[in-house]
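S.K.: My file is start-v5.cif. It has mmCIF, C-alpha atoms:
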data_coords
loop_
_atom_site.label_atom_id
_atom_site.label_comp_id
_atom_site.auth_asym_id
_atom_site.auth_seq_id
_atom_site.Cartn_x
_atom_site.Cartn_y
_atom_site.Cartn_z
CA MET A 44 44.63 32.84 104.16
CA SER A 45 44.62 29.02 104.16
CA GLU A 46 47.55 26.92 103.00
CA SER A 47 45.56 25.59 100.02
CA ARG A 48 44.85 29.16 98.92
CA ILE A 49 48.57 30.01 99.11
CA ILE A 50 49.45 27.11 96.81
CA GLN A 51 46.74 28.14 94.37
CA THR A 52 48.05 31.68 94.28
CA GLU A 53 51.63 30.51 93.54
CA GLN A 54 50.37 28.31 90.73
CA GLU A 55 48.40 31.21 89.24
CA THR A 56 51.48 33.44 89.48
CA ALA A 57 53.60 30.85 87.68
CA ARG A 58 51.10 30.48 84.84
CA PRO A 59 52.62 32.05 81.71
CA LYS A 60 50.92 34.99 80.10
CA ALA A 61 49.60 34.57 76.60
CA ARG A 62 51.90 35.99 73.95
CA LYS A 63 50.80 37.99 70.97
CA SER A 64 50.18 36.11 67.76
CA GLY A 65 53.41 35.46 65.88
CA GLN A 66 55.58 36.31 68.89
CA GLY A 67 57.84 33.36 69.73
CA ALA A 68 58.80 32.47 73.30
CA THR A 69 62.44 32.67 74.31
CA LEU A 70 64.57 30.70 76.74
CA SER A 71 64.36 33.68 79.07
CA ASP A 72 60.54 33.57 78.93
CA VAL A 73 60.52 29.87 79.86
CA ALA A 74 63.02 30.37 82.67
CA SER A 75 61.08 33.31 84.13
CA ALA A 76 57.76 31.49 84.00
CA ALA A 77 59.21 28.34 85.56
CA GLY A 78 61.15 30.24 88.21
CA VAL A 79 64.47 28.66 87.25
CA SER A 80 67.67 29.78 85.56
CA ILE A 81 68.19 29.83 81.80
CA SER A 82 70.93 27.18 82.20
CA THR A 83 68.39 24.89 83.91
CA VAL A 84 65.99 25.30 81.00
CA SER A 85 68.83 24.52 78.59
CA LYS A 86 69.70 21.35 80.50
CA VAL A 87 66.08 20.18 80.36
CA LEU A 88 65.73 20.90 76.64
CA ASN A 89 68.98 19.09 75.89
CA ASP A 90 68.11 16.18 78.23
CA LYS A 91 71.08 16.83 80.51
CA THR A 92 71.46 15.74 84.14
CA GLY A 93 71.64 18.06 87.15
CA VAL A 94 67.93 19.07 87.25
CA SER A 95 65.44 17.85 89.85
CA LYS A 96 62.41 15.88 88.76
CA ASN A 97 59.97 18.61 89.84
CA ASN A 98 61.88 21.36 88.03
CA ARG A 99 62.18 19.23 84.89
CA GLN A 100 58.42 18.57 84.83
CA ARG A 101 57.64 22.25 85.45
CA VAL A 102 59.96 23.42 82.68
CA LEU A 103 58.49 20.92 80.20
CA ARG A 104 54.96 22.08 81.08
CA ILE A 105 55.90 25.74 80.61
CA VAL A 106 57.57 24.93 77.29
CA GLN A 107 54.34 23.34 76.11
CA ASP A 108 52.16 26.15 77.41
CA LEU A 109 54.28 28.83 75.77
CA GLY A 110 54.69 26.90 72.54
CA TYR A 111 58.45 27.30 72.76
CA ARG A 112 60.35 25.83 69.81
CA LYS A 113 64.01 24.96 70.07
CA ALA A 114 66.02 26.87 67.49
CA GLU A 115 67.18 24.78 64.58
CA PRO A 116 70.96 24.79 64.10
CA LYS A 117 72.03 27.16 61.38
CA SER A 118 72.85 25.31 58.23
CA LYS A 119 76.26 25.94 56.78
CA LYS A 120 76.35 28.34 53.92
CA ALA A 121 76.81 26.37 50.74
CA PRO A 122 79.98 27.23 48.87
CA ASN A 123 79.14 29.23 45.79
CA ILE A 124 81.37 27.34 43.38
CA SER A 125 80.21 25.85 40.10
CA SER A 126 83.58 25.28 38.42
CA VAL A 127 87.13 24.41 39.35
CA THR A 128 89.99 25.22 36.99
CA ILE A 129 92.90 22.82 37.39
CA VAL A 130 96.21 24.23 36.20
CA THR A 131 98.73 21.52 35.41
CA PHE A 132 101.11 20.10 32.82
CA ASP A 133 99.68 18.13 29.91
CA ARG A 134 101.59 15.04 30.98
CA TYR A 135 100.23 15.21 34.54
CA ALA A 136 96.65 15.11 33.29
CA ALA A 137 97.15 12.61 30.45
CA ASN A 138 99.16 9.67 31.77
CA ASP A 139 100.96 10.56 34.97
CA LEU A 140 100.92 7.72 37.50
CA TYR A 141 101.16 10.13 40.43
CA TYR A 142 98.37 12.61 39.76
CA VAL A 143 95.69 10.28 38.41
CA ASP A 144 94.81 9.38 42.04
CA THR A 145 94.76 13.05 43.04
CA MET A 146 92.40 13.88 40.17
CA HIS A 147 90.14 11.07 41.31
CA GLY A 148 90.13 12.46 44.85
CA ILE A 149 89.21 15.93 43.55
CA ALA A 150 86.25 14.61 41.54
CA GLU A 151 85.10 12.26 44.31
CA GLU A 152 85.06 14.92 47.03
CA ALA A 153 83.32 17.45 44.80
CA GLN A 154 80.63 14.88 44.05
CA ARG A 155 80.27 13.99 47.75
CA MET A 156 79.68 17.64 48.59
CA GLY A 157 77.01 17.86 45.94
CA TRP A 158 78.86 20.35 43.78
CA ASN A 159 77.71 20.65 40.23
CA ILE A 160 81.18 21.46 38.97
CA SER A 161 83.05 21.53 35.72
CA LEU A 162 86.71 20.58 35.94
CA ASP A 163 88.34 22.89 33.44
CA LEU A 164 91.90 21.72 32.77
CA ALA A 165 94.24 24.54 31.81
CA LEU A 166 97.03 22.48 30.31
CA ILE A 167 100.37 24.21 29.98
CA GLY A 168 102.73 21.88 28.18
CA ASP A 169 106.02 20.55 29.51
CA GLY A 170 109.04 22.49 30.68
CA TYR A 171 108.83 23.40 34.34
CA THR A 172 110.60 26.76 34.17
CA LYS A 173 108.92 27.88 30.93
CA VAL A 174 105.39 28.43 32.19
CA ASN A 175 103.86 31.69 30.97
CA PRO A 176 101.05 32.88 33.30
CA GLU A 177 99.67 35.12 30.54
CA SER A 178 98.72 32.01 28.57
CA LEU A 179 96.25 30.96 31.29
CA PHE A 180 92.67 31.98 32.06
CA ARG A 181 92.04 33.40 28.60
CA ARG A 182 88.34 32.61 28.94
CA GLY A 183 88.02 34.94 31.89
CA LYS A 184 88.54 34.84 35.63
CA PRO A 185 87.98 31.35 37.05
CA GLU A 186 85.70 30.74 40.04
CA SER A 187 88.35 28.66 41.78
CA VAL A 188 91.78 27.26 40.96
CA ILE A 189 93.74 24.14 41.86
CA MET A 190 97.42 24.29 40.90
CA LEU A 191 98.31 20.64 40.47
CA GLY A 192 102.02 19.93 40.92
CA LEU A 193 102.97 23.53 40.12
CA ASP A 194 104.32 26.31 42.31
CA GLN A 195 106.45 28.48 40.05
CA GLN A 196 106.68 32.00 41.44
CA ASP A 197 105.21 33.75 38.38
CA LEU A 198 102.27 31.36 38.28
CA VAL A 199 101.60 31.68 42.01
CA ASP A 200 101.71 35.46 41.63
CA ALA A 201 99.13 35.31 38.85
CA VAL A 202 96.77 33.01 40.78
CA ALA A 203 97.07 35.01 44.02
CA ALA A 204 96.19 38.18 42.11
CA LEU A 205 92.88 36.62 40.95
CA GLY A 206 91.45 36.82 44.47
CA CYS A 207 89.37 33.67 44.02
CA PRO A 208 89.53 30.48 46.13
CA ALA A 209 92.78 28.74 45.21
CA VAL A 210 94.88 25.79 46.43
CA ILE A 211 98.28 24.41 45.46
CA VAL A 212 98.44 20.60 45.49
CA ASN A 213 101.90 19.09 46.00
CA GLY A 214 103.62 22.44 46.09
CA MET A 215 103.78 25.57 48.21
CA ASP A 216 103.72 29.34 48.18
CA PRO A 217 106.58 30.56 50.43
CA SER A 218 104.73 33.84 51.01
CA MET A 219 101.52 31.97 52.03
CA ARG A 220 99.22 33.96 49.75
CA VAL A 221 97.79 30.68 48.44
CA SER A 222 96.91 27.69 50.63
CA SER A 223 98.68 24.43 49.85
CA ILE A 224 98.51 20.69 50.48
CA SER A 225 101.56 18.45 50.19
CA PRO A 226 102.98 15.25 51.59
CA ASP A 227 105.44 15.97 54.38
CA HIS A 228 108.45 15.58 52.08
CA TYR A 229 110.93 16.54 54.78
CA PHE A 230 109.99 14.01 57.43
CA GLY A 231 109.03 11.38 54.85
CA SER A 232 112.61 11.43 53.58
CA TYR A 233 113.88 11.55 57.16
CA GLU A 234 111.92 8.37 57.96
CA ALA A 235 113.17 6.59 54.82
CA THR A 236 116.79 7.40 55.71
CA GLN A 237 116.28 6.45 59.35
CA PHE A 238 114.95 3.08 58.21
CA LEU A 239 118.17 2.43 56.27
CA LEU A 240 120.33 3.65 59.15
CA GLU A 241 118.63 1.16 61.46
CA LYS A 242 119.54 -1.58 58.98
CA GLY A 243 123.18 -0.59 59.46
CA HIS A 244 123.85 1.49 56.33
CA ARG A 245 126.39 4.32 56.49
CA ARG A 246 127.28 5.06 52.83
CA PHE A 247 124.39 6.87 51.18
CA LEU A 248 123.55 8.28 47.75
CA HIS A 249 120.59 10.56 47.05
CA ILE A 250 119.12 10.69 43.52
CA SER A 251 117.03 13.70 42.52
CA HIS A 252 116.91 16.95 40.60
CA ILE A 253 116.30 19.95 42.83
CA PHE A 254 113.93 22.22 40.93
CA ARG A 255 111.21 22.89 43.53
CA HIS A 256 110.91 23.62 47.26
CA THR A 257 109.19 20.28 47.86
CA VAL A 258 111.95 18.34 46.10
CA ALA A 259 114.61 20.17 48.10
CA GLN A 260 112.81 19.15 51.29
CA ARG A 261 113.38 15.49 50.47
CA ILE A 262 117.13 15.84 50.45
CA ASP A 263 117.02 18.10 53.52
CA GLY A 264 115.12 15.44 55.47
CA MET A 265 117.69 12.83 54.49
CA ARG A 266 120.57 15.07 55.55
CA LEU A 267 118.96 15.68 58.95
CA ALA A 268 118.64 11.94 59.60
CA LEU A 269 122.26 11.35 58.59
CA ALA A 270 123.56 14.24 60.69
CA SER A 271 121.62 12.98 63.70
CA ALA A 272 123.35 9.60 63.28
CA GLY A 273 126.79 11.18 62.83
CA VAL A 274 127.00 10.16 59.17
CA GLU A 275 128.71 12.63 56.84
CA PHE A 276 126.96 13.71 53.66
CA ASP A 277 128.81 15.54 50.90
CA MET A 278 126.70 17.08 48.13
CA GLN A 279 129.49 16.74 45.56
CA ARG A 280 130.06 13.09 46.34
CA ASP A 281 126.73 11.78 47.67
CA PHE A 282 124.16 13.59 45.54
CA LEU A 283 123.33 12.39 42.02
CA ASP A 284 121.55 14.99 39.88
CA THR A 285 119.48 13.50 37.04
CA GLY A 286 119.39 16.90 35.32
CA SER A 287 115.68 16.60 34.56
CA ALA A 288 112.45 17.60 36.30
CA ASN A 289 110.58 14.75 34.61
CA PHE A 290 111.73 12.15 37.18
CA THR A 291 111.56 9.25 34.72
CA SER A 292 113.26 5.89 35.19
CA LEU A 293 115.38 6.65 32.13
CA ASP A 294 116.71 9.81 33.83
CA ALA A 295 117.93 7.75 36.78
CA SER A 296 119.35 4.95 34.63
CA ARG A 297 121.48 7.37 32.64
CA ALA A 298 122.69 9.15 35.77
CA ILE A 299 123.66 5.88 37.45
CA GLU A 300 125.45 4.64 34.33
CA GLN A 301 127.48 7.84 34.20
CA ARG A 302 128.37 7.65 37.89
CA LEU A 303 129.43 4.01 37.52
CA ALA A 304 131.63 4.93 34.57
CA GLU A 305 133.37 7.52 36.75
CA GLY A 306 134.29 4.78 39.28
CA ASN A 307 134.39 4.91 43.08
CA PHE A 308 130.81 3.69 43.48
CA ASP A 309 130.95 2.39 47.06
CA TYR A 310 127.43 3.15 48.32
CA THR A 311 125.31 0.57 50.12
CA ALA A 312 122.07 2.59 50.27
CA ILE A 313 120.27 4.87 47.82
CA VAL A 314 117.38 7.17 48.71
CA CYS A 315 115.47 8.39 45.64
CA ALA A 316 113.16 11.38 45.32
CA SER A 317 110.56 9.28 43.49
CA ASP A 318 109.64 5.67 42.74
CA MET A 319 110.42 6.08 39.05
CA LEU A 320 113.94 7.23 39.87
CA ALA A 321 114.34 4.24 42.20
CA ILE A 322 113.13 1.86 39.49
CA GLY A 323 115.55 3.33 36.95
CA ALA A 324 118.43 3.15 39.42
CA THR A 325 117.62 -0.50 40.16
CA GLN A 326 117.56 -1.40 36.47
CA ALA A 327 120.92 0.27 35.82
CA LEU A 328 122.60 -1.34 38.83
CA VAL A 329 121.28 -4.83 38.03
CA SER A 330 122.46 -4.44 34.43
CA ALA A 331 125.90 -3.50 35.75
CA GLY A 332 126.09 -6.68 37.85
CA TYR A 333 124.99 -5.35 41.23
CA ARG A 334 122.43 -7.19 43.31
CA VAL A 335 119.51 -5.32 44.87
CA PRO A 336 119.24 -5.50 47.85
CA GLU A 337 122.18 -7.82 48.59
CA ASP A 338 124.79 -5.29 47.43
CA ILE A 339 122.81 -2.05 47.43
CA SER A 340 119.52 -1.17 49.13
CA ILE A 341 117.14 1.26 47.43
CA VAL A 342 114.18 3.23 48.82
CA GLY A 343 111.68 5.10 46.66
CA PHE A 344 109.15 7.82 47.37
CA ASP A 345 105.43 7.90 46.36
CA ASN A 346 104.34 4.21 46.44
CA LEU A 347 103.09 4.22 42.86
CA PRO A 348 101.23 1.05 41.82
CA VAL A 349 104.14 -0.01 39.59
CA SER A 350 106.53 -0.08 42.56
CA ALA A 351 105.05 -3.35 43.79
CA HIS A 352 105.43 -5.08 40.41
CA CYS A 353 108.89 -4.14 39.16
CA GLU A 354 111.85 -6.54 38.94
CA VAL A 355 112.73 -5.94 42.57
CA PRO A 356 109.55 -4.91 44.44
CA LEU A 357 110.34 -1.49 45.82
CA THR A 358 110.41 -0.39 49.44
CA THR A 359 108.96 3.12 49.36
CA MET A 360 107.22 5.90 51.25
CA HIS A 361 103.45 5.86 50.76
CA ILE A 362 101.65 9.10 49.89
CA ASP A 363 97.84 9.27 50.07
CA ARG A 364 97.44 11.07 46.76
CA GLU A 365 93.64 10.79 46.70
CA GLU A 366 93.46 12.50 50.08
CA MET A 367 95.40 15.45 48.68
CA GLY A 368 92.66 15.86 46.07
CA ARG A 369 89.87 15.57 48.61
CA MET A 370 91.49 18.12 50.90
CA ALA A 371 91.95 20.53 48.01
CA ILE A 372 88.19 20.63 47.47
CA LYS A 373 87.57 21.06 51.20
CA LEU A 374 89.96 24.00 51.35
CA LEU A 375 88.28 25.61 48.34
CA ALA A 376 84.91 25.20 50.06
CA GLU A 377 86.18 26.80 53.27
CA GLN A 378 87.52 29.74 51.31
CA ALA A 379 84.27 30.14 49.40
CA THR A 380 82.14 30.20 52.58
CA GLY A 381 84.54 32.45 54.47
CA ASP A 382 85.25 29.76 57.08
CA LEU A 383 88.98 29.78 56.29
CA VAL A 384 90.19 32.78 58.26
CA SER A 385 93.83 32.44 57.18
CA ASN A 386 95.68 30.52 54.49
CA GLN A 387 96.91 27.07 55.41
CA ARG A 388 99.87 24.91 54.55
CA VAL A 389 98.80 21.29 55.11
CA GLY A 390 101.37 18.50 55.31
CA LEU A 391 100.15 14.89 55.02
CA THR A 392 101.98 12.16 56.88
CA LEU A 393 103.68 9.31 54.99
CA HIS A 394 104.42 5.75 56.02
CA MET A 395 106.92 3.15 54.93
CA VAL A 396 105.82 0.28 52.70
CA GLU A 397 108.42 -2.50 53.02
CA ARG A 398 109.03 -4.79 50.07
CA LYS A 399 112.20 -6.44 48.71
CA SER A 400 114.64 -3.65 47.85
CA VAL A 401 116.21 -3.16 51.31
CA ALA A 402 118.49 -5.40 53.31
CA GLU A 403 121.41 -5.06 55.70
CA PRO A 404 124.63 -3.79 54.07
CA PRO A 405 127.08 -6.45 52.84
CA ASP A 406 129.75 -5.58 55.42
CA LYS A 407 127.28 -6.10 58.26
CA LYS A 408 126.19 -9.48 56.92
CA ASN A 409 129.78 -10.66 56.83
#
Output the file's structure in the form of structure tokens.
M.R.:
Amino acid sequence: MSESRIIQTEQETARPKARKSGQGATLSDVASAAGVSISTVSKVLNDKTGVSKNNRQRVLRIVQDLGYRKAEPKSKKAPNISSVTIVTFDRYAANDLYYVDTMHGIAEEAQRMGWNISLDLALIGDGYTKVNPESLFRRGKPESVIMLGLDQQDLVDAVAALGCPAVIVNGMDPSMRVSSISPDHYFGSYEATQFLLEKGHRRFLHISHIFRHTVAQRIDGMRLALASAGVEFDMQRDFLDTGSANFTSLDASRAIEQRLAEGNFDYTAIVCASDMLAIGATQALVSAGYRVPEDISIVGFDNLPVSAHCEVPLTTMHIDREEMGRMAIKLLAEQATGDLVSNQRVGLTLHMVERKSVAEPPDKKN
């Protein structure tokens, strides 16, 4: 047999057999017909290196002859959600400076994902410890739930029992039955305190009202920073309880006025659990003749828009509140499609926004 006949025979052997109508070629078919490995065929189809010119041309010819079609990537299953029920206090939905950005993030992300949703606010009145879960969801089981600024045990129990996609925003479920998204309160407060320590402060006051896990984390983060610097913190002496979960400036003003009346107010730095508390503390101290920050430095928490425009522009920890809303929708979508294999507790980072309310302590200046 001549050499030319041998070549012809090999070419005839390599020619792919016709497939039955409606029967699609596979990668294995192409590889077998071309006399190469499946990985080589994959490299050619994905335009990768590591394949000789002759093999590449042969594979492309076989692909054409067999009518092979590269599989289209599977599209993600669309989340089957048409409504989101937001459970929150009336005041959070009506005029709260903190949650208006979060609500905007929720609506924006839902629109971006193409959801045709109805945001059904289940308003529950004020009074943090007086929430009655039986008063919610009277129109039937919701498709999905966002608990906005709420994490009372009874309410979490009721939402977890629904079995629908659910997320807590700015709160947490200690038992992890419901996913949650919050700022990293602990390390945000740690960073705020560390900033003051680096300025030279050693006499600290913390203003808050501990009524939730997230609020407690803010004082815990401060205490860690102080302990790491060898600074003593006494809860009886160095913690000022406003006695209210509302966190208004008036709450802080009254608390400061009472502490001043008791005497022995020798602090040089105050860390507040919110901007509104910091603003109220500043107003009360200035009214009493103190200078901020020359006599006392104050740091807030939240970076509300008003914090940049108050009498003493406030140094504060910035929270991306819109991102919390966007992430809430993403977590609901992952639950609805089954992509979320276990519940998550997401903590967003914070960063310091420096303004005019912090300076070195008076004793260091002198």
S.K.: Counting only C-alpha atoms, which of A:Asn289, A:Gln196, A:Gln279, A:Ser317 gets nearest to Ile341 of chain A?
M.R.: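 Of A:Asn289, A:Gln196, A:Gln279, A:Ser317, the one nearest Ile341 of chain A is A:Ser317, counting only C-alpha atoms.
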S.K.: Using the chain letters and numbers from the file, give me the residues hit by the PyMOL selection byres ((chain A and resi 265) around 8), as a list in words.
M.R.: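 That selection, the PyMOL selection byres ((chain A and resi 265) around 8), comes back as Tyr229, Ser232, Tyr233, Ala235, Thr236, Arg261, Ile262, Asp263, Gly264, Arg266, Leu267, Ala268 and Leu269 of chain A.
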S.K.: Around the point (116.9, 12.8, 37.7) (coordinates from the file), which residues reach within 7 Å if we count all atoms listed in the file? Answer as an MDAnalysis selection string.
M.R.: chainID A and resid 250:252 284:288 290 294:295 320
S.K.: Applying the PyMOL selection byres ((chain A and resi 128) around 12) to the file I just gave you, which residues come out? Please list them as a PDB file with C-alpha atoms, keeping the file's coordinate frame.
M.R.:
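Heads up, here's the output in selection-v3.pdb:
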ATOM      1  CA  ILE A 124      81.370  27.340  43.380  1.00  0.00           C
ATOM      2  CA  SER A 125      80.210  25.850  40.100  1.00  0.00           C
ATOM      3  CA  SER A 126      83.580  25.280  38.420  1.00  0.00           C
ATOM      4  CA  VAL A 127      87.130  24.410  39.350  1.00  0.00           C
ATOM      5  CA  ILE A 129      92.900  22.820  37.390  1.00  0.00           C
ATOM      6  CA  VAL A 130      96.210  24.230  36.200  1.00  0.00           C
ATOM      7  CA  THR A 131      98.730  21.520  35.410  1.00  0.00           C
ATOM      8  CA  ILE A 149      89.210  15.930  43.550  1.00  0.00           C
ATOM      9  CA  ILE A 160      81.180  21.460  38.970  1.00  0.00           C
ATOM     10  CA  SER A 161      83.050  21.530  35.720  1.00  0.00           C
ATOM     11  CA  LEU A 162      86.710  20.580  35.940  1.00  0.00           C
ATOM     12  CA  ASP A 163      88.340  22.890  33.440  1.00  0.00           C
ATOM     13  CA  LEU A 164      91.900  21.720  32.770  1.00  0.00           C
ATOM     14  CA  ALA A 165      94.240  24.540  31.810  1.00  0.00           C
ATOM     15  CA  LEU A 166      97.030  22.480  30.310  1.00  0.00           C
ATOM     16  CA  LEU A 179      96.250  30.960  31.290  1.00  0.00           C
ATOM     17  CA  PHE A 180      92.670  31.980  32.060  1.00  0.00           C
ATOM     18  CA  ARG A 181      92.040  33.400  28.600  1.00  0.00           C
ATOM     19  CA  ARG A 182      88.340  32.610  28.940  1.00  0.00           C
ATOM     20  CA  GLY A 183      88.020  34.940  31.890  1.00  0.00           C
ATOM     21  CA  LYS A 184      88.540  34.840  35.630  1.00  0.00           C
ATOM     22  CA  PRO A 185      87.980  31.350  37.050  1.00  0.00           C
ATOM     23  CA  GLU A 186      85.700  30.740  40.040  1.00  0.00           C
ATOM     24  CA  SER A 187      88.350  28.660  41.780  1.00  0.00           C
ATOM     25  CA  VAL A 188      91.780  27.260  40.960  1.00  0.00           C
ATOM     26  CA  ILE A 189      93.740  24.140  41.860  1.00  0.00           C
ATOM     27  CA  MET A 190      97.420  24.290  40.900  1.00  0.00           C
ATOM     28  CA  LEU A 191      98.310  20.640  40.470  1.00  0.00           C
ATOM     29  CA  VAL A 202      96.770  33.010  40.780  1.00  0.00           C
ATOM     30  CA  CYS A 207      89.370  33.670  44.020  1.00  0.00           C
ATOM     31  CA  PRO A 208      89.530  30.480  46.130  1.00  0.00           C
ATOM     32  CA  ALA A 209      92.780  28.740  45.210  1.00  0.00           C
ATOM     33  CA  VAL A 210      94.880  25.790  46.430  1.00  0.00           C
ATOM     34  CA  ILE A 211      98.280  24.410  45.460  1.00  0.00           C
ATOM     35  CA  ILE A 372      88.190  20.630  47.470  1.00  0.00           C
ATOM     36  CA  LEU A 375      88.280  25.610  48.340  1.00  0.00           C
TER      37      LEU A 375
END
S.K.: Which protein, DNA or RNA residues are at most 10 Å from (103.4, -0.3, 45.7) in the file's coordinates when you count only C-alpha atoms, listed as an MDAnalysis selection string?
M.R.: chainID A and resid 318 343 345:353 356:361 396:398
S.K.: Could those residues be written to a file, using C-alpha atoms, as a PDB file, in the frame of the given file?
M.R.:
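Result file is out_27.pdb:
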ATOM      1  CA  ASP A 318     109.640   5.670  42.740  1.00  0.00           C
ATOM      2  CA  GLY A 343     111.680   5.100  46.660  1.00  0.00           C
ATOM      3  CA  ASP A 345     105.430   7.900  46.360  1.00  0.00           C
ATOM      4  CA  ASN A 346     104.340   4.210  46.440  1.00  0.00           C
ATOM      5  CA  LEU A 347     103.090   4.220  42.860  1.00  0.00           C
ATOM      6  CA  PRO A 348     101.230   1.050  41.820  1.00  0.00           C
ATOM      7  CA  VAL A 349     104.140  -0.010  39.590  1.00  0.00           C
ATOM      8  CA  SER A 350     106.530  -0.080  42.560  1.00  0.00           C
ATOM      9  CA  ALA A 351     105.050  -3.350  43.790  1.00  0.00           C
ATOM     10  CA  HIS A 352     105.430  -5.080  40.410  1.00  0.00           C
ATOM     11  CA  CYS A 353     108.890  -4.140  39.160  1.00  0.00           C
ATOM     12  CA  PRO A 356     109.550  -4.910  44.440  1.00  0.00           C
ATOM     13  CA  LEU A 357     110.340  -1.490  45.820  1.00  0.00           C
ATOM     14  CA  THR A 358     110.410  -0.390  49.440  1.00  0.00           C
ATOM     15  CA  THR A 359     108.960   3.120  49.360  1.00  0.00           C
ATOM     16  CA  MET A 360     107.220   5.900  51.250  1.00  0.00           C
ATOM     17  CA  HIS A 361     103.450   5.860  50.760  1.00  0.00           C
ATOM     18  CA  VAL A 396     105.820   0.280  52.700  1.00  0.00           C
ATOM     19  CA  GLU A 397     108.420  -2.500  53.020  1.00  0.00           C
ATOM     20  CA  ARG A 398     109.030  -4.790  50.070  1.00  0.00           C
TER      21      ARG A 398
END
S.K.: Go through A:His394, A:Arg280, A:Arg364, A:Lys242 and flag the residue nearest Tyr141 of chain A, using only C-alpha atoms for the distances.
M.R.: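 Under the stated criterion, the closest residue is A:Arg364.
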S.K.: What is the distance between atom CA of Arg302 of chain A and atom CA of Ala324 of chain A, in Å to one decimal?
M.R.: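 Between these atoms lies a distance of 11.0 Å.
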S.K.: List, as a VMD selection string, every residue that the PyMOL selection byres ((chain A and resi 78-87) around 12) selects in the file provided.
M.R.: chain A and resid 53 to 54 56 to 59 69 to 77 88 to 106 111 113 to 114
S.K.: At what distance in Å, to one decimal, does atom CA of Glu151 of chain A lie from atom CA of Ala204 of chain A?
M.R.: 28.3 Å
S.K.: What separation in Å, quoted to one decimal, exists between atom CA of Pro176 of chain A and atom CA of Phe254 of chain A?
M.R.: 18.4 Å
S.K.: If I wrap all listed atoms of segment 347-363 of chain A in a box with edges along x, y and z and add 8 Å on each side, what are its centre and edge lengths in Å to one decimal, as AutoDock Vina command-line options?
M.R.:
--center_x 105.3 --center_y 1.4 --center_z 45.1 --size_x 30.9 --size_y 31.8 --size_z 28.3
S.K.: Excluding Val143 of chain A and its own-chain neighbours fewer than 2 positions away, which residues fall within 12 Å of it when counting only C-alpha atoms? Please give them as a list in words.
M.R.: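 After dropping sequence-adjacent residues, the list is Arg134, Tyr135, Ala136, Ala137, Asn138, Asp139, Leu140, Tyr141, Thr145, Met146, His147, Gly148, Ile149, Ala150, Leu191, Gly192, Leu347, Pro348, Asp363, Arg364, Glu365, Met367 and Gly368 of chain A.
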S.K.: Under the rule that only C-alpha atoms are counted, which of A:Ala203, A:Ala312, A:Met319, A:Ala298 is the nearest residue to Ala402 of chain A?
M.R.: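 Distance minimum relative to Ala402 of chain A lands on A:Ala312.
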S.K.: Any idea what's packed within 10 Å of Gln326 of chain A, counting all atoms listed in the file, ignoring anything in its chain fewer than 5 positions away? Could you give it as a VMD selection string?
M.R.: chain A and resid 292 to 293 295 to 296 299 320 to 321 331 333 335 353 to 355
S.K.: Nearest residue to His244 of chain A out of A:Gln107, A:Thr311, A:Ser330, A:Asn386, using all atoms listed in the file?
M.R.: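 Ranked by minimum distance to His244 of chain A, first place goes to A:Thr311.
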S.K.: Check the smallest atom-to-atom distance from each of A:Glu241, A:Glu177, A:Glu300, A:Asp309 to Glu403 of chain A using all atoms listed in the file, then report the winner.
M.R.: A:Glu241
S.K.: Fewer than 3 positions away in the same chain doesn't count, so skip those; otherwise give me all residues within 9 Å of Asp216 of chain A, counting only C-alpha atoms, as a count of residues only.
M.R.: 11
S.K.: For each of A:Val329, A:Phe230, A:Ala272, A:Ile224, take the minimum atom-to-atom distance to Gly243 of chain A, counting all atoms listed in the file, then give the residue where this is smallest.
M.R.: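 Once distances to Gly243 of chain A are computed over all atoms listed in the file, the minimum belongs to A:Ala272.
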